[in-house]
Structure formats: C-alpha cells, structure tokens
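So the structure is just underneath, and the comments pick up after that.
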Amino acid sequence: MNRVVLVAAFILVSASLAVVTGCKDSAPTTELERFIIETNKVAPEALTDTLRSHIRADGSYAVYASYLMGNHFYGAAQETAMTVGWTDGTVNALLDSAELYFTAAVERDSTFLEALVNLGSLWDDRSEQMGSRTERDDRLAKAEMYYRKALEVDPLDEKARCNLGALYLRMRRTSDALAEFQTVLANDPRSSLAHYNLAIMFAEAKIYREAIAEWELASKYDPDGDIGDRSRDNIKIVHDLMNAPTPDNVK
C-alpha cells in the first residue's frame, strides 16, 4: 500500500511506502511471499477466519497472518481517511486494530522488517490526527523509532530509509532527509522512490530544474508505476508554474 503526505499548496506529494501485501510477477523467493500467494487463493469471505486460525497457532505463519491482518485494517484506515480525514473516529479505530496486529507480529519476531516499516508508517499517519504539538511530536518520534528499528534489521532497505527521509522532510529536517535519500541512491541509483523525494525537496526550495530532473529519473525507473505517474504529473505542474506570468507581467 502507498501512503502520501501533502507538502505544498498544489498537488506535489512526498512519497513514502508501506510494505505491500502482493507479490512481484516473478516466482516467490521468501516464505512470506509464498504465504501471501496461498492466502490469496482463499475465498474473501473466509480469509479473515483463515488468518485468525493461523494467528492462534505457532511458528512463522502466525507472524505472517498477524502482518496481513494488520495490513487489512491499515488499508481500510487509509482508504477511509481519504474521504473523512485522519481525525475521524472510525479511522482511529482501524489504526488501533492495525497497530495491534503489526505489534503482535513484531512481538513474535522482532526482526520482521515489513511489520516494523508499517508501524512507522502508521504512526506517521497518526501525526495527522488532532492533538497538541507535544502529542504530534510524540507520534512523529514513534514513527522515526520504528523506521530506525527496521533499518537495524536491514540498513539497505529502500522503503524504511525512504520513509524515514520523507518523515524528516515533513519535519523540515532537510539535511537529514537528504542524507537518507542519498544513502538509498548510493546503494541503488535506480531507486525511483528516492529520486521522487529528492525532487520534492528541490521543488519545496523552488529549485525547479533540479526537481524536474529528479522526477524524470523517477519516471524513467518506474515508467508504469504509481511513482512514475505522479512524477509526470508533477513535471507538468512545475512546468506550468515556471511558465506562469509574474504579477508584474499580469495586466
């Protein structure tokens, strides 16, 4: 699942990702991917009971089932928030359920990277809810903590590091955000997610030509995906912004 955070008055968005539940088109290479494929074969009306049955058991399937249940509630929270906003009571209840299952997965396996990343993303989303500045800062701190826990498991994980960089960008910790994106690109120069977020940094600083260059790279490396689509949309927006008449030229 994708999560986005608005960072400007127009439609530019900073992209960060929660771990998706689907698998790539290639053959599954991990036990989690194989478990996801098997659960996808279950009829939708029976899926919840199947996952809960796995959760009550021991072993890795209990961990994976908790994770997928968390994704179910988290996806519902994100979808609902698009309509009613993050402050809605229903959204908060769905986030509570998602947190419960993600936490259960991590308690059974403290190195379960995917659940740690999603807990970070969940608390990042919760920072959009109503509350005092202290409460908001506490939520952001929890998001950072979970992203860092994920990076302790795998320092090269693209999603965890880009999500952390996007979080820093929202917090106006620009140099810290830049360091995270550069770390990703040092390991993988083709990371569309890192290039996309670098473009957001440049656009916020009104360095539009560099922003366009980074979005062009993001589009190149993700031509058919969501990030590529957003990059092309934002390139058009910035071109229009650059070509718009200045107030002195408007009659």
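The way I read the labels, and the way they are meant: chains A, B, ... in the order of the structure tokens, residue 1 as the first residue of every chain, and ligand 1 as the first ligand shown, with later ones counted on from there.
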Nearby residues (only C-alpha atoms) at most 6 Å from range 172-183 of chain A, same-chain spacing under 4 positions excluded, as a PDB file with C-alpha atoms, in the first residue's frame:
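Saved result, result26.pdb, follows:
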ATOM      1  CA  ARG A 161      15.068   4.562   4.556  1.00  0.00           C
ATOM      2  CA  GLY A 165      13.689  10.568   4.708  1.00  0.00           C
ATOM      3  CA  TYR A 168      12.360  14.177   8.006  1.00  0.00           C
ATOM      4  CA  ALA A 194      14.489   8.236  -3.653  1.00  0.00           C
TER       5      ALA A 194
END
Leaving out range 232-240 of chain A and any residue of its chain fewer than 4 positions from it, which residues lie within 10 Å of it when counting only C-alpha atoms, given as a PyMOL selection string? chain A and resi 10-13+196+199-200+203+206+208-209+211-216+218-220+223+227-228+244-245
Next, dump the selected residues to file, keeping only C-alpha atoms, as a PDB file, in the first residue's frame.
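Just written: part21.pdb:
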ATOM      1  CA  PHE A  10      -0.651  22.317  -5.227  1.00  0.00           C
ATOM      2  CA  ILE A  11      -0.584  18.566  -5.736  1.00  0.00           C
ATOM      3  CA  LEU A  12       3.084  17.818  -5.167  1.00  0.00           C
ATOM      4  CA  VAL A  13       3.369  14.980  -2.673  1.00  0.00           C
ATOM      5  CA  TYR A 196      10.951  11.247  -6.403  1.00  0.00           C
ATOM      6  CA  ALA A 199      12.513  16.146  -6.452  1.00  0.00           C
ATOM      7  CA  ILE A 200      10.076  17.160  -3.714  1.00  0.00           C
ATOM      8  CA  ALA A 203      10.551  21.804  -5.553  1.00  0.00           C
ATOM      9  CA  LYS A 206      11.957  26.399  -5.614  1.00  0.00           C
ATOM     10  CA  TYR A 208      12.606  23.637 -10.147  1.00  0.00           C
ATOM     11  CA  ARG A 209      15.024  22.485 -12.849  1.00  0.00           C
ATOM     12  CA  ALA A 211      13.266  18.891  -9.298  1.00  0.00           C
ATOM     13  CA  ILE A 212      12.250  18.158 -12.881  1.00  0.00           C
ATOM     14  CA  ALA A 213      15.492  16.265 -13.491  1.00  0.00           C
ATOM     15  CA  GLU A 214      14.858  14.041 -10.463  1.00  0.00           C
ATOM     16  CA  TRP A 215      11.233  13.389 -11.449  1.00  0.00           C
ATOM     17  CA  GLU A 216      12.394  12.461 -14.938  1.00  0.00           C
ATOM     18  CA  ALA A 218      11.881   8.605 -11.129  1.00  0.00           C
ATOM     19  CA  SER A 219       9.645   8.258 -14.188  1.00  0.00           C
ATOM     20  CA  LYS A 220      12.412   6.513 -16.133  1.00  0.00           C
ATOM     21  CA  PRO A 223       7.608   4.007 -16.105  1.00  0.00           C
ATOM     22  CA  ILE A 227       5.609   6.896  -8.740  1.00  0.00           C
ATOM     23  CA  GLY A 228       6.169   7.309 -12.473  1.00  0.00           C
ATOM     24  CA  ALA A 244       3.145  31.323 -15.397  1.00  0.00           C
ATOM     25  CA  PRO A 245       3.276  35.124 -15.744  1.00  0.00           C
TER      26      PRO A 245
END
Might you pull out every residue within 12 Å of Leu51 in chain A, with only C-alpha atoms counted and same-chain residues fewer than 4 positions away left off, and present them as a list in words? Phe35, Ile36, Glu38, Thr39, Asn40, Val42, Ala43, Pro44, Glu45, Ala46, Leu47, Ile55, Arg56, Ala57, Tyr61, Ala62, Val63, Tyr64, Ala65, Ser66, Tyr67, Leu68, Met69, Gly70, Asn71, His72 and Tyr101 of chain A
Let's have the selection written as a tab-separated table (two decimals), in the first residue's frame, with C-alpha atoms.
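See selection.tsv below for the written result:
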chain	number	residue	atom	x	y	z
A	35	PHE	CA	2.29	-17.44	2.35
A	36	ILE	CA	0.72	-14.42	0.65
A	38	GLU	CA	-1.51	-19.19	-0.62
A	39	THR	CA	-3.80	-16.83	1.31
A	40	ASN	CA	-4.74	-15.06	-1.93
A	42	VAL	CA	-8.70	-18.29	-0.06
A	43	ALA	CA	-12.20	-17.02	-0.75
A	44	PRO	CA	-12.56	-13.41	0.51
A	45	GLU	CA	-15.37	-14.32	2.89
A	46	ALA	CA	-13.19	-16.97	4.53
A	47	LEU	CA	-9.91	-15.05	4.58
A	55	ILE	CA	-2.56	-16.39	14.37
A	56	ARG	CA	-3.69	-18.80	17.10
A	57	ALA	CA	-1.00	-21.27	16.04
A	61	TYR	CA	2.67	-18.41	9.71
A	62	ALA	CA	1.31	-16.81	12.89
A	63	VAL	CA	3.66	-13.88	12.30
A	64	TYR	CA	2.69	-13.52	8.66
A	65	ALA	CA	-1.02	-13.82	9.41
A	66	SER	CA	-0.77	-11.07	12.04
A	67	TYR	CA	1.00	-8.90	9.49
A	68	LEU	CA	-1.65	-9.46	6.82
A	69	MET	CA	-4.45	-8.76	9.30
A	70	GLY	CA	-2.66	-5.53	10.18
A	71	ASN	CA	-2.46	-4.64	6.50
A	72	HIS	CA	-6.19	-5.31	6.13
A	101	TYR	CA	-1.74	-6.90	14.68
Determine which residues of range 166-213 of chain A DSSP labels as alpha helix (DSSP H) from the backbone of this structure, then write them out as JSON, numbers by chain. {"A": [166, 167, 168, 169, 170, 174, 175, 176, 177, 178, 179, 180, 181, 182, 183, 184, 185, 186, 187, 192, 193, 194, 195, 196, 197, 198, 199, 200, 201, 202, 203, 204, 208, 209, 210, 211, 212, 213]}
Residues near Ser191 in chain A, anyone? I mean within 10 Å using only C-alpha atoms, not counting same-chain ones fewer than 5 positions away, as number ranges by chain. A: 158, 162, 181, 184-186, 196, 217-218, 221-222
Could those residues be written to a file, using C-alpha atoms, as a compact mmCIF listing (two decimals), in the first residue's frame?
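selection23.txt, written as the output of this step:
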# COMPACT_ATOMS: atom_id res chain seq x y z
CA GLU A 158 14.75 1.13 0.48
CA CYS A 162 12.94 6.49 2.06
CA PHE A 181 17.80 9.65 0.10
CA VAL A 184 19.46 4.85 -0.85
CA LEU A 185 20.84 6.11 -4.16
CA ALA A 186 24.39 5.16 -3.23
CA TYR A 196 10.95 11.25 -6.40
CA LEU A 217 14.69 9.85 -13.37
CA ALA A 218 11.88 8.60 -11.13
CA TYR A 221 12.93 3.91 -13.41
CA ASP A 222 9.21 3.41 -12.69
Computed gap from CA of Gln129 in chain A to CA of Tyr146 in chain A is 18.6 Å
Under the rule that only C-alpha atoms are counted, which of A:Asp224, A:Glu31, A:Glu144, A:Glu107 is the nearest residue to Asp124 in chain A?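 The closest residue to Asp124 in chain A is A:Glu144.
We find CA of Asn197 in chain A and CA of Ala166 in chain A to be spaced 6.9 Å apart.
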